file structure.txt (compact mmCIF, C-alpha atoms)
# COMPACT_ATOMS: atom_id res chain seq x y z
CA MET A 1 9.31 -18.12 -12.43
CA SER A 2 7.37 -21.20 -11.42
CA GLU A 3 3.96 -21.35 -13.01
CA ALA A 4 2.62 -22.95 -9.81
CA ILE A 5 2.88 -19.62 -7.97
CA THR A 6 0.43 -16.90 -8.92
CA ALA A 7 -0.14 -13.48 -7.44
CA GLU A 8 -3.73 -14.45 -6.67
CA ALA A 9 -2.59 -17.42 -4.59
CA VAL A 10 -0.01 -15.35 -2.73
CA LEU A 11 -2.52 -12.58 -2.03
CA GLU A 12 -5.21 -15.01 -0.89
CA ALA A 13 -2.89 -16.77 1.55
CA THR A 14 -1.77 -13.48 3.06
CA THR A 15 -5.27 -11.99 3.16
CA THR A 16 -6.69 -14.87 5.18
CA ARG A 17 -4.10 -14.50 7.93
CA VAL A 18 -3.91 -10.70 7.91
CA ASP A 19 -7.69 -10.25 8.03
CA ALA A 20 -7.97 -12.61 10.99
CA ARG A 21 -5.25 -10.71 12.83
CA LEU A 22 -6.81 -7.32 12.09
CA GLU A 23 -10.21 -8.43 13.37
CA GLN A 24 -8.63 -9.77 16.56
CA PHE A 25 -6.62 -6.62 17.12
CA ALA A 26 -9.60 -4.32 16.53
CA GLN A 27 -11.23 -5.85 19.59
CA GLU A 28 -8.40 -4.43 21.69
CA LEU A 29 -9.15 -0.85 20.63
CA GLY A 30 -10.40 1.47 23.34
CA GLY A 31 -12.58 4.53 22.89
CA GLY A 32 -16.06 3.06 23.00
CA ALA A 33 -18.36 1.05 20.76
CA PRO A 34 -18.98 3.64 17.98
CA LEU A 35 -15.27 4.07 17.35
CA VAL A 36 -14.65 0.31 17.43
CA GLU A 37 -17.50 -0.20 14.96
CA ALA A 38 -16.13 2.42 12.56
CA VAL A 39 -12.61 0.98 12.78
CA ARG A 40 -13.87 -2.54 12.15
CA TYR A 41 -15.82 -1.28 9.14
CA ALA A 42 -12.71 0.41 7.74
CA ILE A 43 -10.45 -2.61 8.10
CA SER A 44 -12.99 -5.19 6.93
CA GLY A 45 -13.53 -3.68 3.50
CA GLY A 46 -11.50 -6.29 1.69
CA GLY A 47 -8.98 -5.05 -0.82
CA LYS A 48 -5.96 -6.64 -2.45
CA ARG A 49 -3.78 -6.68 0.68
CA LEU A 50 -0.84 -6.18 -1.67
CA ARG A 51 1.35 -4.37 0.83
CA PRO A 52 1.23 -7.05 3.54
CA ALA A 53 1.77 -9.70 0.85
CA LEU A 54 4.88 -7.84 -0.29
CA CYS A 55 6.11 -7.67 3.30
CA VAL A 56 5.71 -11.42 3.79
CA ALA A 57 7.24 -12.22 0.39
CA ALA A 58 10.29 -10.05 1.09
CA TYR A 59 10.67 -11.62 4.53
CA ARG A 60 10.71 -15.09 3.01
CA ALA A 61 13.01 -14.03 0.18
CA ALA A 62 15.49 -12.74 2.77
CA GLY A 63 15.40 -16.03 4.66
CA GLY A 64 12.67 -15.45 7.25
CA GLU A 65 10.54 -18.40 8.31
CA GLN A 66 8.48 -17.44 11.38
CA GLU A 67 4.76 -16.66 11.57
CA GLY A 68 5.25 -13.48 13.59
CA ILE A 69 5.78 -11.58 10.35
CA ILE A 70 1.98 -11.49 9.97
CA ASP A 71 1.68 -8.87 12.73
CA ILE A 72 4.20 -6.66 10.93
CA ALA A 73 2.38 -7.17 7.62
CA ALA A 74 -0.95 -6.34 9.29
CA ALA A 75 0.54 -3.17 10.77
CA ILE A 76 1.43 -2.00 7.27
CA GLU A 77 -2.12 -2.68 6.10
CA LEU A 78 -3.47 -0.55 8.98
CA ILE A 79 -1.41 2.40 7.79
CA HIS A 80 -2.66 1.85 4.25
CA THR A 81 -6.27 1.63 5.46
CA TYR A 82 -5.98 4.84 7.48
CA SER A 83 -4.75 6.62 4.35
CA LEU A 84 -7.74 5.38 2.35
CA VAL A 85 -10.23 6.47 5.01
CA HIS A 86 -8.74 9.96 5.06
CA ASP A 87 -8.29 10.16 1.27
CA ASP A 88 -12.01 9.53 0.82
CA LEU A 89 -13.10 12.37 3.13
CA PRO A 90 -15.01 15.29 1.57
CA CYS A 91 -12.09 17.62 2.31
CA MET A 92 -9.74 15.33 0.37
CA ASP A 93 -10.80 13.25 -2.67
CA ASP A 94 -14.46 13.20 -1.61
CA ASP A 95 -15.34 9.68 -2.69
CA ALA A 96 -18.53 7.86 -1.70
CA LEU A 97 -17.41 4.40 -2.83
CA ARG A 98 -14.40 2.29 -1.87
CA ARG A 99 -13.90 -1.41 -2.59
CA GLY A 100 -17.45 -1.69 -3.84
CA ARG A 101 -19.22 -0.31 -0.75
CA PRO A 102 -19.91 3.07 0.85
CA THR A 103 -16.85 4.77 2.25
CA THR A 104 -16.39 5.08 5.99
CA HIS A 105 -17.42 8.74 6.15
CA VAL A 106 -20.62 8.01 4.21
CA VAL A 107 -21.64 5.41 6.78
CA TYR A 108 -20.38 7.02 10.00
CA GLY A 109 -19.98 10.70 9.17
CA SER A 110 -16.86 12.70 8.44
CA ALA A 111 -15.92 13.35 12.06
CA MET A 112 -16.05 9.68 13.05
CA ALA A 113 -14.22 8.64 9.90
CA ALA A 114 -11.45 11.13 10.64
CA VAL A 115 -11.13 9.82 14.19
CA ALA A 116 -11.27 6.17 13.10
CA GLY A 117 -8.59 6.75 10.49
CA ALA A 118 -6.35 8.47 13.03
CA ALA A 119 -6.94 5.62 15.53
CA LEU A 120 -5.44 3.16 13.07
CA ILE A 121 -2.04 4.86 13.22
CA PRO A 122 -1.16 4.07 16.87
CA LEU A 123 -2.74 0.64 16.43
CA ALA A 124 -0.37 0.01 13.54
CA PHE A 125 2.72 0.86 15.53
CA ARG A 126 1.56 -1.22 18.49
CA LEU A 127 1.12 -4.16 16.16
CA LEU A 128 4.50 -3.54 14.51
CA ALA A 129 6.26 -3.58 17.87
CA GLN A 130 4.35 -6.67 18.94
CA GLY A 131 5.33 -8.46 15.76
CA GLY A 132 8.97 -7.57 16.31
CA GLU A 133 8.83 -8.97 19.83
CA GLN A 134 7.19 -12.18 18.62
CA LEU A 135 10.03 -12.62 16.14
CA ASP A 136 12.48 -11.96 18.98
CA LEU A 137 14.07 -9.14 17.02
CA GLU A 138 16.64 -6.83 18.56
CA SER A 139 15.34 -3.45 19.67
CA ALA A 140 17.50 -1.76 17.02
CA THR A 141 15.71 -3.73 14.30
CA ILE A 142 12.29 -2.86 15.68
CA ARG A 143 13.32 0.81 15.75
CA ALA A 144 14.52 0.56 12.15
CA MET A 145 11.17 -0.88 11.05
CA THR A 146 9.35 1.82 13.00
CA ARG A 147 11.39 4.54 11.27
CA GLU A 148 10.78 2.92 7.90
CA LEU A 149 7.03 2.83 8.32
CA ALA A 150 6.76 6.25 9.96
CA THR A 151 8.82 7.87 7.21
CA ALA A 152 6.72 6.24 4.49
CA ALA A 153 3.53 7.51 6.14
CA GLY A 154 4.80 11.00 6.90
CA GLY A 155 5.50 14.31 5.23
CA SER A 156 8.08 12.89 2.82
CA GLY A 157 5.79 9.95 2.04
CA MET A 158 2.03 9.45 1.90
CA ILE A 159 0.97 12.63 3.69
CA GLY A 160 3.29 14.82 1.64
CA GLY A 161 2.25 13.04 -1.54
CA GLN A 162 -1.43 13.59 -0.79
CA LEU A 163 -0.82 17.27 -0.23
CA LEU A 164 1.07 17.58 -3.52
CA ASP A 165 -1.68 15.65 -5.31
CA LEU A 166 -4.39 17.98 -4.01
CA ALA A 167 -2.32 21.06 -4.85
CA ALA A 168 -1.82 19.84 -8.44
CA GLU A 169 -5.55 19.55 -9.18
CA GLY A 170 -6.49 21.84 -12.04
CA HIS A 171 -2.89 22.82 -12.76
CA ALA A 172 -0.43 21.83 -15.47
CA ILE A 173 2.64 20.17 -13.94
CA ALA A 174 5.75 18.51 -15.36
CA ILE A 175 6.00 14.74 -15.66
CA ASP A 176 8.84 14.76 -13.10
CA ASP A 177 6.53 16.45 -10.61
CA LEU A 178 3.86 13.83 -11.23
CA GLU A 179 6.38 11.07 -10.62
CA ALA A 180 7.38 12.75 -7.35
CA ILE A 181 3.72 12.77 -6.25
CA HIS A 182 3.31 9.08 -7.05
CA HIS A 183 6.61 8.05 -5.45
CA ALA A 184 5.51 9.73 -2.22
CA LYS A 185 1.79 9.03 -2.13
CA THR A 186 1.90 5.40 -3.26
CA GLY A 187 5.47 4.25 -3.72
CA ALA A 188 6.78 5.10 -0.27
CA LEU A 189 4.54 2.63 1.57
CA ILE A 190 5.09 -0.11 -1.01
CA ALA A 191 8.86 0.30 -0.64
CA ALA A 192 8.52 0.30 3.16
CA SER A 193 6.48 -2.91 2.97
CA VAL A 194 9.28 -4.91 1.36
CA ARG A 195 11.99 -3.27 3.44
CA CYS A 196 10.20 -3.99 6.73
CA GLY A 197 9.88 -7.62 5.71
CA ALA A 198 13.57 -7.79 4.86
CA LEU A 199 14.58 -5.99 8.06
CA ALA A 200 12.60 -8.54 10.07
CA ALA A 201 14.57 -11.31 8.36
CA GLY A 202 17.91 -9.65 9.17
CA ALA A 203 18.74 -8.75 5.57
CA ALA A 204 22.09 -7.13 4.79
CA PRO A 205 22.32 -3.51 3.51
CA PRO A 206 22.76 -4.51 -0.17
CA VAL A 207 19.56 -6.53 0.01
CA LEU A 208 17.71 -3.63 1.61
CA GLN A 209 18.99 -1.30 -1.11
CA ALA A 210 17.84 -3.68 -3.84
CA LEU A 211 14.41 -3.89 -2.26
CA ARG A 212 14.21 -0.11 -2.08
CA GLY A 213 14.71 0.00 -5.85
CA TYR A 214 12.17 -2.78 -6.35
CA GLY A 215 9.57 -1.10 -4.14
CA ARG A 216 10.14 2.36 -5.59
CA ALA A 217 9.66 1.18 -9.19
CA LEU A 218 6.78 -1.10 -8.26
CA GLY A 219 5.01 1.70 -6.41
CA LEU A 220 5.20 3.95 -9.46
CA ALA A 221 4.00 1.15 -11.74
CA PHE A 222 1.07 0.48 -9.42
CA GLN A 223 -0.02 4.12 -9.35
CA ILE A 224 0.39 4.50 -13.11
CA MET A 225 -2.00 1.57 -13.50
CA ASP A 226 -4.41 3.22 -11.07
CA ASP A 227 -4.38 6.28 -13.33
CA LEU A 228 -4.94 4.10 -16.38
CA LEU A 229 -7.75 2.04 -14.84
CA ASP A 230 -9.55 5.20 -13.76
CA GLU A 231 -9.76 6.08 -17.44
CA THR A 232 -10.53 2.65 -18.88
CA ALA A 233 -12.46 0.60 -16.28
CA ASN A 234 -15.99 1.11 -14.97
CA THR A 235 -17.15 1.73 -11.42
CA ALA A 236 -18.35 -1.84 -10.90
CA ALA A 237 -14.98 -3.27 -11.87
CA LEU A 238 -12.95 -0.74 -9.88
CA GLY A 239 -15.06 -0.84 -6.71
CA LYS A 240 -14.73 2.94 -6.58
CA THR A 241 -16.01 5.80 -8.69
CA ALA A 242 -14.47 5.61 -12.16
CA GLY A 243 -13.50 8.78 -14.01
CA LYS A 244 -12.96 10.85 -10.88
CA ASP A 245 -9.42 11.83 -11.82
CA ARG A 246 -10.62 13.53 -14.98
CA ALA A 247 -13.62 15.09 -13.21
CA ARG A 248 -11.36 16.60 -10.53
CA LYS A 249 -8.78 17.64 -13.13
CA LYS A 250 -6.07 15.63 -11.42
CA ALA A 251 -2.59 15.34 -12.84
CA THR A 252 -2.33 11.79 -14.25
CA PHE A 253 -0.16 9.82 -16.65
CA PRO A 254 -3.00 9.25 -19.18
CA ALA A 255 -3.71 12.99 -19.24
CA MET A 256 -0.05 13.71 -19.99
CA LEU A 257 0.99 10.73 -22.10
CA GLY A 258 -2.16 9.15 -23.49
CA LEU A 259 -3.36 5.61 -22.82
CA GLU A 260 -0.86 3.70 -24.97
CA GLN A 261 2.23 5.45 -23.65
CA THR A 262 0.93 5.18 -20.09
CA GLY A 263 0.70 1.39 -20.44
CA ALA A 264 4.21 1.32 -21.87
CA ARG A 265 5.52 3.38 -18.96
CA ALA A 266 3.95 0.97 -16.46
CA ARG A 267 5.74 -1.92 -18.16
CA GLU A 268 9.03 -0.02 -18.01
CA GLU A 269 8.65 0.43 -14.26
CA LEU A 270 7.82 -3.26 -13.85
CA ALA A 271 11.03 -4.14 -15.69
CA ALA A 272 12.96 -1.78 -13.42
CA ALA A 273 11.46 -3.39 -10.32
CA LEU A 274 12.42 -6.89 -11.45
CA HIS A 275 15.89 -5.75 -12.51
CA ALA A 276 16.49 -4.34 -9.03
CA ILE A 277 16.16 -7.76 -7.38
CA HIS A 278 17.64 -10.02 -10.05
CA GLY A 279 21.18 -11.00 -9.20
CA THR A 280 20.66 -10.41 -5.48
CA GLY A 281 19.10 -13.75 -4.64
CA LEU A 282 15.77 -12.00 -4.10
CA GLY A 283 14.21 -12.77 -7.46
CA THR A 284 11.71 -15.17 -5.94
CA ALA A 285 8.54 -16.36 -7.64
CA GLU A 286 6.42 -14.56 -5.04
CA LEU A 287 8.06 -11.16 -5.51
CA GLU A 288 7.96 -11.51 -9.28
CA ALA A 289 4.30 -12.57 -9.31
CA LEU A 290 3.28 -9.66 -7.08
CA ALA A 291 5.19 -7.21 -9.25
CA ARG A 292 3.49 -8.44 -12.42
CA PHE A 293 0.12 -8.27 -10.68
CA ALA A 294 0.65 -4.53 -10.18
CA ILE A 295 0.26 -3.86 -13.91
CA GLU A 296 -1.91 -6.82 -14.95
CA ARG A 297 -4.73 -6.26 -12.46
CA LYS A 298 -8.17 -5.12 -13.55
CA HIS A 299 -9.01 -3.04 -10.45

call {"tool": "encode", "arguments": {"input": "structure.txt", "output": "structure tokens"}}
result
Amino acid sequence: MSEAITAEAVLEATTTRVDARLEQFAQELGGGAPLVEAVRYAISGGGKRLRPALCVAAYRAAGGEQEGIIDIAAAIELIHTYSLVHDDLPCMDDDALRRGRPTTHVVYGSAMAAVAGAALIPLAFRLLAQGGEQLDLESATIRAMTRELATAAGGSGMIGGQLLDLAAEGHAIAIDDLEAIHHAKTGALIAASVRCGALAAGAAPPVLQALRGYGRALGLAFQIMDDLLDETANTAALGKTAGKDRARKKATFPAMLGLEQTGARAREELAAALHAIHGTGLGTAELEALARFAIERKH
């Protein structure tokens, strides 16, 4: 991998363009000023923008060259942001801090936060369709991306994973069950991010299958590191309340395996992610750098 390409550089380049697009698109939201304000607050909270960066990197790796991919990448970030707004609600994970500032429900109230989070979902699919049209994609490809994103966000993906995560609090579960939670809650959207990028570039089925393996392993590695950082980092570094997993008696890898074995397991999943794309022509510096970032990050 070229040393000239770092995950930080890739993320920064994507963040600049995605943030500008999200701000522009938020202005098109109906529903009145309070809702617009809450939505703008939710989407302007910063963050790594890893998922849109993965989408763009996969698009380029599969041969895509047009700027319209930014709308598709931004649509994925809207789905991710909606999930964070809802995850933080008192009826869910009940967190007062996200990305180093008060969560949306703390600032605007739970009802407005719930509505603002829900409003991001149709916005995301509008932006996805718009991006597909800008890229002059066939309607079948736009439908495939829509199915990919909707499935990742639905009952077999993030929503189902969140439900399983809440149900597991305070209970002893098997490691396989914990992996299933992480694959759904975190991994599904990460896998959809790379697959949507590849679909937009017209990638062949073998490429899409390789990216599914990459995204699935990377998603698990990312969530394992989240578990580990919750145990080892402080609130200032994380930008959210540290130690909440233990306080809520959540099922986590450190609780089951200990810190050392958890780190080792994250590295195993990173190796699996990279193995999935090597030999397919997709082992680009950008995809490799973003994968390594998932387990080397400090927050």

call {"tool": "residues_around", "arguments": {"input": "structure.txt", "residues": "Thr81 of chain A", "least_positions_apart": "3", "cutoff": "7 Å", "atoms": "only C-alpha atoms", "output": "number ranges by chain"}}
result
A: 42-43, 77-78, 84-85

call {"tool": "closest_residue", "arguments": {"input": "structure.txt", "among": "A:Glu288, A:Asp136, A:Glu260, A:Glu179", "to": "Ala273 of chain A", "atoms": "all atoms listed in the file"}}
result
A:Glu288

call {"tool": "atom_distance", "arguments": {"input": "structure.txt", "atom1": "atom CA of His105 of chain A", "atom2": "atom CA of Thr252 of chain A"}}
result
25.6 Å

call {"tool": "closest_residue", "arguments": {"input": "structure.txt", "among": "A:Ile76, A:Gly157, A:Leu218, A:Pro90", "to": "Leu287 of chain A", "atoms": "only C-alpha atoms"}}
result
A:Leu218

call {"tool": "atom_distance", "arguments": {"input": "structure.txt", "atom1": "atom CA of Ala167 of chain A", "atom2": "atom CA of Phe222 of chain A"}}
result
21.4 Å

call {"tool": "closest_residue", "arguments": {"input": "structure.txt", "among": "A:Asp71, A:Asp177, A:Asp88, A:Glu269", "to": "Ala221 of chain A", "atoms": "all atoms listed in the file"}}
result
A:Glu269

call {"tool": "residues_around", "arguments": {"input": "structure.txt", "residues": "Pro122 of chain A", "least_positions_apart": "4", "cutoff": "10 Å", "atoms": "only C-alpha atoms", "output": "short mmCIF file (atom, residue, chain, number, x, y, z; two decimals) with C-alpha atoms, in the frame of the given file"}}
result
data_model
loop_
_atom_site.label_atom_id
_atom_site.label_comp_id
_atom_site.auth_asym_id
_atom_site.auth_seq_id
_atom_site.Cartn_x
_atom_site.Cartn_y
_atom_site.Cartn_z
CA ALA A 75 0.54 -3.17 10.77
CA LEU A 78 -3.47 -0.55 8.98
CA ILE A 79 -1.41 2.40 7.79
CA ALA A 118 -6.35 8.47 13.03
CA ARG A 126 1.56 -1.22 18.49
CA LEU A 127 1.12 -4.16 16.16
CA LEU A 128 4.50 -3.54 14.51
#

call {"tool": "residues_near_point", "arguments": {"input": "structure.txt", "point": "(0.4, 13.1, -15.7)", "cutoff": "8 Å", "atoms": "all atoms listed in the file", "output": "short mmCIF file (atom, residue, chain, number, x, y, z; two decimals) with C-alpha atoms, in the frame of the given file"}}
result
data_model
loop_
_atom_site.label_atom_id
_atom_site.label_comp_id
_atom_site.auth_asym_id
_atom_site.auth_seq_id
_atom_site.Cartn_x
_atom_site.Cartn_y
_atom_site.Cartn_z
CA ILE A 173 2.64 20.17 -13.94
CA ALA A 174 5.75 18.51 -15.36
CA ILE A 175 6.00 14.74 -15.66
CA LEU A 178 3.86 13.83 -11.23
CA ALA A 251 -2.59 15.34 -12.84
CA THR A 252 -2.33 11.79 -14.25
CA PHE A 253 -0.16 9.82 -16.65
CA PRO A 254 -3.00 9.25 -19.18
CA ALA A 255 -3.71 12.99 -19.24
CA MET A 256 -0.05 13.71 -19.99
CA LEU A 257 0.99 10.73 -22.10
#

call {"tool": "closest_residue", "arguments": {"input": "structure.txt", "among": "A:Glu286, A:Leu220, A:Arg40, A:Ile121", "to": "Asp176 of chain A", "atoms": "all atoms listed in the file"}}
result
A:Leu220

call {"tool": "closest_residue", "arguments": {"input": "structure.txt", "among": "A:Gly263, A:His278, A:Tyr82, A:Ala7", "to": "Arg292 of chain A", "atoms": "all atoms listed in the file"}}
result
A:Ala7

call {"tool": "atom_distance", "arguments": {"input": "structure.txt", "atom1": "atom CA of Ala114 of chain A", "atom2": "atom CA of Arg21 of chain A"}}
result
22.8 Å

call {"tool": "closest_residue", "arguments": {"input": "structure.txt", "among": "A:Asp93, A:Glu67, A:Asp230, A:Glu37", "to": "Val18 of chain A", "atoms": "all atoms listed in the file"}}
result
A:Glu67

call {"tool": "residues_near_point", "arguments": {"input": "structure.txt", "point": "(-19.4, 12.7, 7.7)", "cutoff": "12 Å", "atoms": "all atoms listed in the file", "output": "list in words"}}
result
Ala38, Val85, His86, Asp88, Leu89, Pro90, Cys91, Asp94, Asp95, Ala96, Pro102, Thr103, Thr104, His105, Val106, Val107, Tyr108, Gly109, Ser110, Ala111, Met112, Ala113, Ala114, Val115 and Ala116 of chain A

call {"tool": "closest_atom_pairs", "arguments": {"input": "structure.txt", "of": "segment 46-146 of chain A", "to": "segment 296-299 of chain A", "cutoff": "10 Å", "atoms": "all atoms listed in the file", "output": "JSON lines"}}
result
{"residue": "A:Gly47", "atom": "CA", "partner": "A:His299", "partner_atom": "CA", "distance": 9.8}
{"residue": "A:Lys48", "atom": "CA", "partner": "A:His299", "partner_atom": "CA", "distance": 9.3}
{"residue": "A:Arg99", "atom": "CA", "partner": "A:His299", "partner_atom": "CA", "distance": 9.4}

call {"tool": "axis_aligned_box", "arguments": {"input": "structure.txt", "around": "segment 233-237 of chain A", "padding_each_side": "6 Å", "output": "AutoDock Vina command-line options"}}
result
--center_x -15.4 --center_y -0.8 --center_z -13.6 --size_x 17.9 --size_y 17.0 --size_z 17.4
